[in-house]
file input.tsv (TSV, C-alpha atoms)
chain	number	residue	atom	x	y	z
A	1	MET	CA	4.89	-140.93	35.66
A	2	ASP	CA	3.79	-138.63	38.50
A	3	LYS	CA	0.24	-137.37	39.03
A	4	ASN	CA	0.95	-133.95	37.54
A	5	GLU	CA	2.48	-135.33	34.35
A	6	ASN	CA	-0.41	-137.78	33.99
A	7	PHE	CA	-2.89	-134.91	34.40
A	8	TRP	CA	-1.25	-132.80	31.69
A	9	ASN	CA	-1.07	-135.73	29.28
A	10	ARG	CA	-4.81	-136.29	29.73
A	11	MET	CA	-5.47	-132.56	29.42
A	12	ALA	CA	-3.46	-132.09	26.23
A	13	ASP	CA	-6.23	-132.60	23.66
A	14	ARG	CA	-8.45	-129.90	25.18
A	15	TYR	CA	-5.68	-127.60	26.42
A	16	ASP	CA	-5.93	-125.08	23.59
A	17	LEU	CA	-9.70	-124.73	23.98
A	18	GLU	CA	-9.32	-124.08	27.70
A	19	GLU	CA	-6.51	-121.54	27.21
A	20	LEU	CA	-8.41	-119.66	24.51
A	21	LYS	CA	-11.70	-119.39	26.38
A	22	ASP	CA	-10.58	-115.87	27.27
A	23	ARG	CA	-9.01	-114.89	23.96
A	24	ALA	CA	-8.71	-111.25	24.98
A	25	LEU	CA	-6.54	-112.26	27.95
A	26	PHE	CA	-4.42	-114.52	25.76
A	27	GLU	CA	-3.85	-111.66	23.33
A	28	ARG	CA	-2.93	-109.25	26.16
A	29	ASN	CA	-0.48	-111.80	27.53
A	30	MET	CA	1.01	-112.34	24.10
A	31	ALA	CA	1.36	-108.60	23.53
A	32	CYS	CA	3.24	-108.23	26.84
A	33	ILE	CA	5.67	-110.95	25.79
A	34	LEU	CA	6.24	-109.84	22.20
A	35	ALA	CA	6.86	-106.24	23.27
A	36	LYS	CA	9.97	-107.40	25.17
A	37	LEU	CA	11.46	-109.58	22.42
A	38	LYS	CA	14.08	-108.67	19.82
A	39	GLU	CA	14.38	-110.24	16.39
A	40	THR	CA	17.87	-111.46	17.26
A	41	ASP	CA	16.81	-113.23	20.47
A	42	THR	CA	17.34	-116.87	21.30
A	43	VAL	CA	14.33	-117.74	23.45
A	44	LEU	CA	13.34	-120.57	25.77
A	45	ASP	CA	9.61	-121.06	26.32
A	46	PHE	CA	9.65	-122.94	29.62
A	47	GLY	CA	6.50	-124.99	30.21
A	48	CYS	CA	5.42	-124.45	26.61
A	49	GLY	CA	2.45	-126.84	26.66
A	50	THR	CA	1.01	-127.25	23.17
A	51	GLY	CA	2.97	-124.30	21.83
A	52	LEU	CA	0.25	-121.63	21.83
A	53	TYR	CA	2.66	-118.92	22.93
A	54	THR	CA	5.72	-120.58	21.40
A	55	LEU	CA	4.48	-120.30	17.82
A	56	ALA	CA	3.83	-116.58	18.17
A	57	ILE	CA	7.23	-116.06	19.80
A	58	ALA	CA	8.89	-117.86	16.87
A	59	GLU	CA	7.36	-115.36	14.45
A	60	LYS	CA	9.51	-112.64	16.02
A	61	ALA	CA	12.60	-114.21	17.59
A	62	GLU	CA	15.68	-115.62	15.88
A	63	GLU	CA	15.57	-119.06	17.53
A	64	VAL	CA	13.07	-120.64	19.93
A	65	ILE	CA	13.06	-123.78	22.05
A	66	GLY	CA	9.86	-124.98	23.68
A	67	LEU	CA	10.33	-127.16	26.77
A	68	ASP	CA	7.70	-129.23	28.55
A	69	THR	CA	7.59	-132.46	30.57
A	70	SER	CA	4.32	-133.69	29.05
A	71	THR	CA	4.82	-136.06	26.12
A	72	GLU	CA	1.29	-135.43	24.85
A	73	MET	CA	1.65	-131.65	25.04
A	74	ILE	CA	4.87	-131.83	23.04
A	75	ARG	CA	3.31	-134.23	20.54
A	76	LEU	CA	0.53	-131.74	19.84
A	77	ALA	CA	2.97	-128.82	19.72
A	78	GLU	CA	5.08	-130.61	17.12
A	79	ARG	CA	2.00	-131.28	14.98
A	80	LYS	CA	1.63	-127.50	14.59
A	81	LEU	CA	5.12	-127.08	13.18
A	82	VAL	CA	4.98	-126.00	9.54
A	83	ASN	CA	8.31	-124.93	8.04
A	84	HIS	CA	9.42	-123.49	11.39
A	85	ILE	CA	13.14	-124.07	11.01
A	86	LYS	CA	13.92	-121.79	13.95
A	87	LEU	CA	11.59	-123.54	16.42
A	88	ARG	CA	12.05	-126.92	18.09
A	89	TYR	CA	10.52	-128.69	21.05
A	90	ILE	CA	12.10	-130.73	23.83
A	91	CYS	CA	10.23	-133.07	26.18
A	92	SER	CA	12.29	-133.02	29.35
A	93	GLU	CA	12.59	-131.74	32.87
A	94	LEU	CA	14.47	-128.45	33.05
A	95	SER	CA	17.42	-129.96	34.91
A	96	LYS	CA	17.84	-132.68	32.27
A	97	ALA	CA	17.50	-130.54	29.15
A	98	ASN	CA	21.27	-130.10	28.64
A	99	PHE	CA	21.12	-126.33	28.30
A	100	HIS	CA	24.31	-124.44	29.06
A	101	SER	CA	24.98	-121.31	31.07
A	102	ALA	CA	24.22	-117.99	29.39
A	103	GLN	CA	22.47	-119.66	26.43
A	104	PHE	CA	19.32	-117.54	26.14
A	105	ASP	CA	18.54	-113.87	25.50
A	106	THR	CA	15.01	-114.29	26.87
A	107	ILE	CA	13.15	-116.96	28.81
A	108	VAL	CA	9.34	-117.00	28.80
A	109	ALA	CA	7.46	-118.74	31.62
A	110	THR	CA	3.69	-118.38	31.30
A	111	TYR	CA	1.42	-120.09	33.84
A	112	ILE	CA	4.12	-122.48	35.05
A	113	LEU	CA	5.89	-121.20	38.18
A	114	HIS	CA	2.88	-121.97	40.40
A	115	LEU	CA	2.89	-125.55	39.08
A	116	VAL	CA	6.49	-126.59	39.75
A	117	PRO	CA	7.40	-128.26	43.07
A	118	ASN	CA	10.26	-125.87	43.84
A	119	PRO	CA	9.88	-122.50	42.10
A	120	SER	CA	12.94	-121.02	43.81
A	121	LEU	CA	15.13	-123.80	42.42
A	122	VAL	CA	13.59	-123.45	38.96
A	123	LEU	CA	14.18	-119.70	38.94
A	124	SER	CA	17.81	-120.24	39.94
A	125	GLN	CA	18.24	-122.66	37.03
A	126	LEU	CA	16.58	-120.26	34.60
A	127	PHE	CA	18.80	-117.46	35.92
A	128	ASP	CA	21.87	-119.53	35.03
A	129	TYR	CA	20.63	-120.20	31.49
A	130	LEU	CA	20.19	-116.49	30.76
A	131	LYS	CA	22.93	-114.31	29.35
A	132	PRO	CA	24.01	-111.36	31.55
A	133	GLY	CA	21.52	-108.56	30.99
A	134	ALA	CA	18.92	-110.98	29.60
A	135	LYS	CA	15.34	-111.18	30.86
A	136	LEU	CA	12.81	-113.64	32.19
A	137	LEU	CA	9.20	-112.87	31.26
A	138	SER	CA	6.62	-114.51	33.48
A	139	ILE	CA	2.86	-114.54	33.92
A	140	THR	CA	1.87	-116.23	37.17
A	141	PRO	CA	-1.38	-116.41	39.15
A	142	CYS	CA	-1.18	-115.78	42.88
A	143	MET	CA	-3.79	-118.18	44.22
A	144	ALA	CA	-3.49	-117.05	47.86
A	145	SER	CA	-5.88	-114.24	46.96
A	146	LYS	CA	-8.45	-116.82	45.78
A	147	PRO	CA	-8.82	-119.14	48.81
A	148	LEU	CA	-12.13	-120.69	47.74
A	149	MET	CA	-10.85	-121.44	44.24
A	150	TYR	CA	-7.64	-122.88	45.66
A	151	ALA	CA	-9.62	-125.09	48.04
A	152	LEU	CA	-11.71	-126.39	45.14
A	153	LEU	CA	-8.62	-127.09	43.05
A	154	SER	CA	-7.05	-128.93	45.98
A	155	LEU	CA	-10.09	-131.20	46.19
A	156	LEU	CA	-10.03	-131.80	42.44
A	157	ARG	CA	-6.36	-132.68	42.63
A	158	ARG	CA	-7.12	-135.52	45.04
A	159	VAL	CA	-9.21	-137.22	42.35
A	160	GLY	CA	-6.81	-136.44	39.51
A	161	MET	CA	-8.84	-133.61	38.00
A	162	ALA	CA	-6.39	-130.76	38.71
A	163	PRO	CA	-2.63	-130.37	39.08
A	164	ALA	CA	-0.78	-129.48	42.26
A	165	ILE	CA	-0.71	-125.70	42.63
A	166	ARG	CA	1.38	-123.43	44.84
A	167	PRO	CA	-0.82	-120.67	46.34
A	168	PHE	CA	1.59	-117.78	45.88
A	169	LYS	CA	1.12	-114.50	47.66
A	170	GLU	CA	2.21	-111.49	45.62
A	171	GLY	CA	5.14	-110.78	47.94
A	172	ASP	CA	6.25	-114.41	47.97
A	173	LEU	CA	6.37	-114.52	44.18
A	174	ARG	CA	8.43	-111.34	44.00
A	175	GLN	CA	10.79	-112.68	46.67
A	176	CYS	CA	11.43	-115.86	44.68
A	177	PHE	CA	12.77	-113.77	41.80
A	178	LEU	CA	14.94	-111.68	44.09
A	179	GLU	CA	16.39	-114.71	45.87
A	180	ALA	CA	17.34	-116.24	42.52
A	181	GLY	CA	19.41	-113.12	41.77
A	182	PHE	CA	17.06	-111.26	39.44
A	183	VAL	CA	16.38	-107.55	39.35
A	184	VAL	CA	12.60	-107.18	39.10
A	185	GLU	CA	11.98	-104.47	36.50
A	186	GLU	CA	8.21	-104.85	36.25
A	187	PHE	CA	5.68	-106.53	38.52
A	188	LYS	CA	2.14	-105.64	37.59
A	189	LEU	CA	-1.34	-107.07	37.73
A	190	GLN	CA	-2.45	-108.14	34.29
A	191	GLU	CA	-5.36	-106.12	32.95
A	192	GLY	CA	-8.67	-107.94	33.26
A	193	THR	CA	-7.51	-110.24	36.07
A	194	SER	CA	-7.51	-110.06	39.85
A	195	ASN	CA	-4.53	-112.27	40.63
A	196	GLN	CA	-2.33	-112.79	37.54
A	197	TYR	CA	0.98	-110.96	37.60
A	198	CYS	CA	3.19	-110.05	34.66
A	199	VAL	CA	6.81	-110.03	35.74
A	200	VAL	CA	9.87	-108.79	33.86
A	201	ALA	CA	13.03	-109.84	35.69
A	202	GLN	CA	16.58	-109.16	34.49
A	203	LYS	CA	19.80	-111.02	35.14
A	204	PRO	CA	22.32	-108.32	36.13
A	205	ILE	CA	25.14	-107.56	33.71
call {"tool": "encode", "arguments": {"input": "input.tsv", "output": "structure tokens"}}
result
Amino acid sequence: MDKNENFWNRMADRYDLEELKDRALFERNMACILAKLKETDTVLDFGCGTGLYTLAIAEKAEEVIGLDTSTEMIRLAERKLVNHIKLRYICSELSKANFHSAQFDTIVATYILHLVPNPSLVLSQLFDYLKPGAKLLSITPCMASKPLMYALLSLLRRVGMAPAIRPFKEGDLRQCFLEAGFVVEEFKLQEGTSNQYCVVAQKPI
């Protein structure tokens, strides 16, 4: 188990409390996602954590898969399942999840791209799993604009109290989507934040 996975397993029990400290932001994020979904969509929630966003997505979409590498996060997510026949969770790395090309109508990636070792590779994989014309919905912080916070998180990581984080610049994040083949339809700063970007990226038809 690597340091990041160990961190998220230890974090799992208090993850929801941390995520919902700013409930207004959570609700704005959720509204941005739900506005782009159709009732007929098959959706992948990549980096689903404990399923906070996944459960709400499942209320609207036809079928939803939540994917995360943390066994404890998935355990807690599965405890929330109540008669959700169209929602299931998988504990796996993206490359080992056995998805097939053009499987999903929408992929959601909230607060995850800055945490993966190779975001360009991940975006290329997600691109492949989308149907032509389908969309990737992402919310990602660009930590390059918060150098003091990033420095603090880097120190905390050394003692196992924070995960490894990529300090994206806004332009670098956009370029990652473009290099993976996406057309970036929307790239906007989320209301109430100074460095979190909502991205809507489409796989060309």
call {"tool": "atom_distance", "arguments": {"input": "input.tsv", "atom1": "CA of Leu136 in chain A", "atom2": "CA of Lys203 in chain A"}}
result
8.0 Å
call {"tool": "atom_distance", "arguments": {"input": "input.tsv", "atom1": "CA of Met30 in chain A", "atom2": "CA of Ala61 in chain A"}}
result
13.4 Å
call {"tool": "closest_atom_pairs", "arguments": {"input": "input.tsv", "of": "range 59-94 of chain A", "to": "range 43-51 of chain A", "cutoff": "9 Å", "atoms": "all atoms listed in the file", "output": "JSON lines"}}
result
{"residue": "A:Ala61", "atom": "CA", "partner": "A:Val43", "partner_atom": "CA", "distance": 7.1}
{"residue": "A:Glu62", "atom": "CA", "partner": "A:Val43", "partner_atom": "CA", "distance": 8.0}
{"residue": "A:Glu63", "atom": "CA", "partner": "A:Val43", "partner_atom": "CA", "distance": 6.2}
{"residue": "A:Val64", "atom": "CA", "partner": "A:Val43", "partner_atom": "CA", "distance": 4.7}
{"residue": "A:Ile65", "atom": "CA", "partner": "A:Leu44", "partner_atom": "CA", "distance": 4.9}
{"residue": "A:Gly66", "atom": "CA", "partner": "A:Asp45", "partner_atom": "CA", "distance": 4.7}
{"residue": "A:Leu67", "atom": "CA", "partner": "A:Phe46", "partner_atom": "CA", "distance": 5.1}
{"residue": "A:Asp68", "atom": "CA", "partner": "A:Gly47", "partner_atom": "CA", "distance": 4.7}
{"residue": "A:Thr69", "atom": "CA", "partner": "A:Gly47", "partner_atom": "CA", "distance": 7.6}
{"residue": "A:Ser70", "atom": "CA", "partner": "A:Gly49", "partner_atom": "CA", "distance": 7.5}
{"residue": "A:Glu72", "atom": "CA", "partner": "A:Thr50", "partner_atom": "CA", "distance": 8.4}
{"residue": "A:Met73", "atom": "CA", "partner": "A:Thr50", "partner_atom": "CA", "distance": 4.8}
{"residue": "A:Ile74", "atom": "CA", "partner": "A:Thr50", "partner_atom": "CA", "distance": 6.0}
{"residue": "A:Arg75", "atom": "CA", "partner": "A:Thr50", "partner_atom": "CA", "distance": 7.8}
{"residue": "A:Leu76", "atom": "CA", "partner": "A:Thr50", "partner_atom": "CA", "distance": 5.6}
{"residue": "A:Ala77", "atom": "CA", "partner": "A:Thr50", "partner_atom": "CA", "distance": 4.3}
{"residue": "A:Glu78", "atom": "CA", "partner": "A:Thr50", "partner_atom": "CA", "distance": 8.0}
{"residue": "A:Lys80", "atom": "CA", "partner": "A:Gly51", "partner_atom": "CA", "distance": 8.0}
{"residue": "A:Tyr89", "atom": "CA", "partner": "A:Cys48", "partner_atom": "CA", "distance": 8.7}
{"residue": "A:Leu94", "atom": "CA", "partner": "A:Phe46", "partner_atom": "CA", "distance": 8.1}
call {"tool": "residues_around", "arguments": {"input": "input.tsv", "residues": "Asn195 in chain A", "least_positions_apart": "3", "cutoff": "7 Å", "atoms": "all atoms listed in the file", "output": "VMD selection string"}}
result
chain A and resid 141 to 143 145 189
call {"tool": "closest_residue", "arguments": {"input": "input.tsv", "among": "A:Arg158, A:Lys131, A:Arg23, A:His114", "to": "Ile205 in chain A", "atoms": "only C-alpha atoms"}}
result
A:Lys131
call {"tool": "residues_around", "arguments": {"input": "input.tsv", "residues": "Phe182 in chain A", "least_positions_apart": "4", "cutoff": "6 Å", "atoms": "all atoms listed in the file", "output": "list in words"}}
result
Phe177, Leu178, Ala201, Gln202 and Lys203 of chain A
call {"tool": "write_last_selection", "arguments": {"input": "input.tsv", "atoms": "C-alpha atoms", "output": "JSON list (two decimals), in the coordinates of the input"}}
result
[["chain", "number", "residue", "atom", "x", "y", "z"],
["A", 177, "PHE", "CA", 12.77, -113.77, 41.80],
["A", 178, "LEU", "CA", 14.94, -111.68, 44.09],
["A", 201, "ALA", "CA", 13.03, -109.84, 35.69],
["A", 202, "GLN", "CA", 16.58, -109.16, 34.49],
["A", 203, "LYS", "CA", 19.80, -111.02, 35.14]]
call {"tool": "build_atoms", "arguments": {"input": "input.tsv", "residues": "range 23-47 of chain A", "atoms": "N, CA and C atoms", "output": "PDB file, in the coordinates of the input"}}
result
ATOM      1  N   ARG A  23      -9.961-115.251  25.015  1.00  0.00           N
ATOM      2  CA  ARG A  23      -9.010-114.890  23.960  1.00  0.00           C
ATOM      3  C   ARG A  23      -8.427-113.502  24.177  1.00  0.00           C
ATOM      4  N   ALA A  24      -9.215-112.605  24.734  1.00  0.00           N
ATOM      5  CA  ALA A  24      -8.710-111.250  24.980  1.00  0.00           C
ATOM      6  C   ALA A  24      -7.540-111.290  25.958  1.00  0.00           C
ATOM      7  N   LEU A  25      -7.638-112.129  26.996  1.00  0.00           N
ATOM      8  CA  LEU A  25      -6.540-112.260  27.950  1.00  0.00           C
ATOM      9  C   LEU A  25      -5.319-112.883  27.288  1.00  0.00           C
ATOM     10  N   PHE A  26      -5.537-113.904  26.482  1.00  0.00           N
ATOM     11  CA  PHE A  26      -4.420-114.520  25.760  1.00  0.00           C
ATOM     12  C   PHE A  26      -3.703-113.486  24.902  1.00  0.00           C
ATOM     13  N   GLU A  27      -4.458-112.661  24.205  1.00  0.00           N
ATOM     14  CA  GLU A  27      -3.850-111.660  23.330  1.00  0.00           C
ATOM     15  C   GLU A  27      -3.119-110.586  24.138  1.00  0.00           C
ATOM     16  N   ARG A  28      -3.641-110.208  25.302  1.00  0.00           N
ATOM     17  CA  ARG A  28      -2.930-109.250  26.160  1.00  0.00           C
ATOM     18  C   ARG A  28      -1.627-109.866  26.667  1.00  0.00           C
ATOM     19  N   ASN A  29      -1.698-111.122  27.077  1.00  0.00           N
ATOM     20  CA  ASN A  29      -0.480-111.800  27.530  1.00  0.00           C
ATOM     21  C   ASN A  29       0.555-111.862  26.412  1.00  0.00           C
ATOM     22  N   MET A  30       0.097-112.219  25.228  1.00  0.00           N
ATOM     23  CA  MET A  30       1.010-112.340  24.100  1.00  0.00           C
ATOM     24  C   MET A  30       1.633-110.997  23.757  1.00  0.00           C
ATOM     25  N   ALA A  31       0.838-109.934  23.826  1.00  0.00           N
ATOM     26  CA  ALA A  31       1.360-108.600  23.530  1.00  0.00           C
ATOM     27  C   ALA A  31       2.436-108.198  24.538  1.00  0.00           C
ATOM     28  N   CYS A  32       2.236-108.540  25.812  1.00  0.00           N
ATOM     29  CA  CYS A  32       3.240-108.230  26.840  1.00  0.00           C
ATOM     30  C   CYS A  32       4.555-108.932  26.550  1.00  0.00           C
ATOM     31  N   ILE A  33       4.466-110.173  26.083  1.00  0.00           N
ATOM     32  CA  ILE A  33       5.670-110.950  25.790  1.00  0.00           C
ATOM     33  C   ILE A  33       6.374-110.412  24.544  1.00  0.00           C
ATOM     34  N   LEU A  34       5.629-110.256  23.465  1.00  0.00           N
ATOM     35  CA  LEU A  34       6.240-109.840  22.200  1.00  0.00           C
ATOM     36  C   LEU A  34       6.868-108.462  22.289  1.00  0.00           C
ATOM     37  N   ALA A  35       6.313-107.598  23.132  1.00  0.00           N
ATOM     38  CA  ALA A  35       6.860-106.240  23.270  1.00  0.00           C
ATOM     39  C   ALA A  35       8.271-106.252  23.836  1.00  0.00           C
ATOM     40  N   LYS A  36       8.644-107.319  24.532  1.00  0.00           N
ATOM     41  CA  LYS A  36       9.970-107.400  25.170  1.00  0.00           C
ATOM     42  C   LYS A  36      10.984-108.172  24.328  1.00  0.00           C
ATOM     43  N   LEU A  37      10.562-108.748  23.219  1.00  0.00           N
ATOM     44  CA  LEU A  37      11.460-109.580  22.420  1.00  0.00           C
ATOM     45  C   LEU A  37      12.147-108.783  21.318  1.00  0.00           C
ATOM     46  N   LYS A  38      13.352-109.223  20.964  1.00  0.00           N
ATOM     47  CA  LYS A  38      14.080-108.670  19.820  1.00  0.00           C
ATOM     48  C   LYS A  38      14.170-109.738  18.736  1.00  0.00           C
ATOM     49  N   GLU A  39      14.323-109.295  17.509  1.00  0.00           N
ATOM     50  CA  GLU A  39      14.380-110.240  16.390  1.00  0.00           C
ATOM     51  C   GLU A  39      15.627-111.106  16.423  1.00  0.00           C
ATOM     52  N   THR A  40      16.626-110.688  17.170  1.00  0.00           N
ATOM     53  CA  THR A  40      17.870-111.460  17.260  1.00  0.00           C
ATOM     54  C   THR A  40      17.902-112.402  18.463  1.00  0.00           C
ATOM     55  N   ASP A  41      16.825-112.466  19.223  1.00  0.00           N
ATOM     56  CA  ASP A  41      16.810-113.230  20.470  1.00  0.00           C
ATOM     57  C   ASP A  41      16.781-114.741  20.249  1.00  0.00           C
ATOM     58  N   THR A  42      17.504-115.432  21.110  1.00  0.00           N
ATOM     59  CA  THR A  42      17.340-116.870  21.300  1.00  0.00           C
ATOM     60  C   THR A  42      16.486-117.040  22.548  1.00  0.00           C
ATOM     61  N   VAL A  43      15.345-117.725  22.401  1.00  0.00           N
ATOM     62  CA  VAL A  43      14.330-117.740  23.450  1.00  0.00           C
ATOM     63  C   VAL A  43      14.026-119.166  23.903  1.00  0.00           C
ATOM     64  N   LEU A  44      13.870-119.335  25.206  1.00  0.00           N
ATOM     65  CA  LEU A  44      13.340-120.570  25.770  1.00  0.00           C
ATOM     66  C   LEU A  44      11.929-120.303  26.265  1.00  0.00           C
ATOM     67  N   ASP A  45      10.972-121.103  25.785  1.00  0.00           N
ATOM     68  CA  ASP A  45       9.610-121.060  26.320  1.00  0.00           C
ATOM     69  C   ASP A  45       9.486-122.231  27.297  1.00  0.00           C
ATOM     70  N   PHE A  46       9.643-121.930  28.569  1.00  0.00           N
ATOM     71  CA  PHE A  46       9.650-122.940  29.620  1.00  0.00           C
ATOM     72  C   PHE A  46       8.223-123.287  30.033  1.00  0.00           C
ATOM     73  N   GLY A  47       7.870-124.570  29.955  1.00  0.00           N
ATOM     74  CA  GLY A  47       6.500-124.990  30.210  1.00  0.00           C
ATOM     75  C   GLY A  47       5.606-124.597  29.051  1.00  0.00           C
TER      76      GLY A  47
END
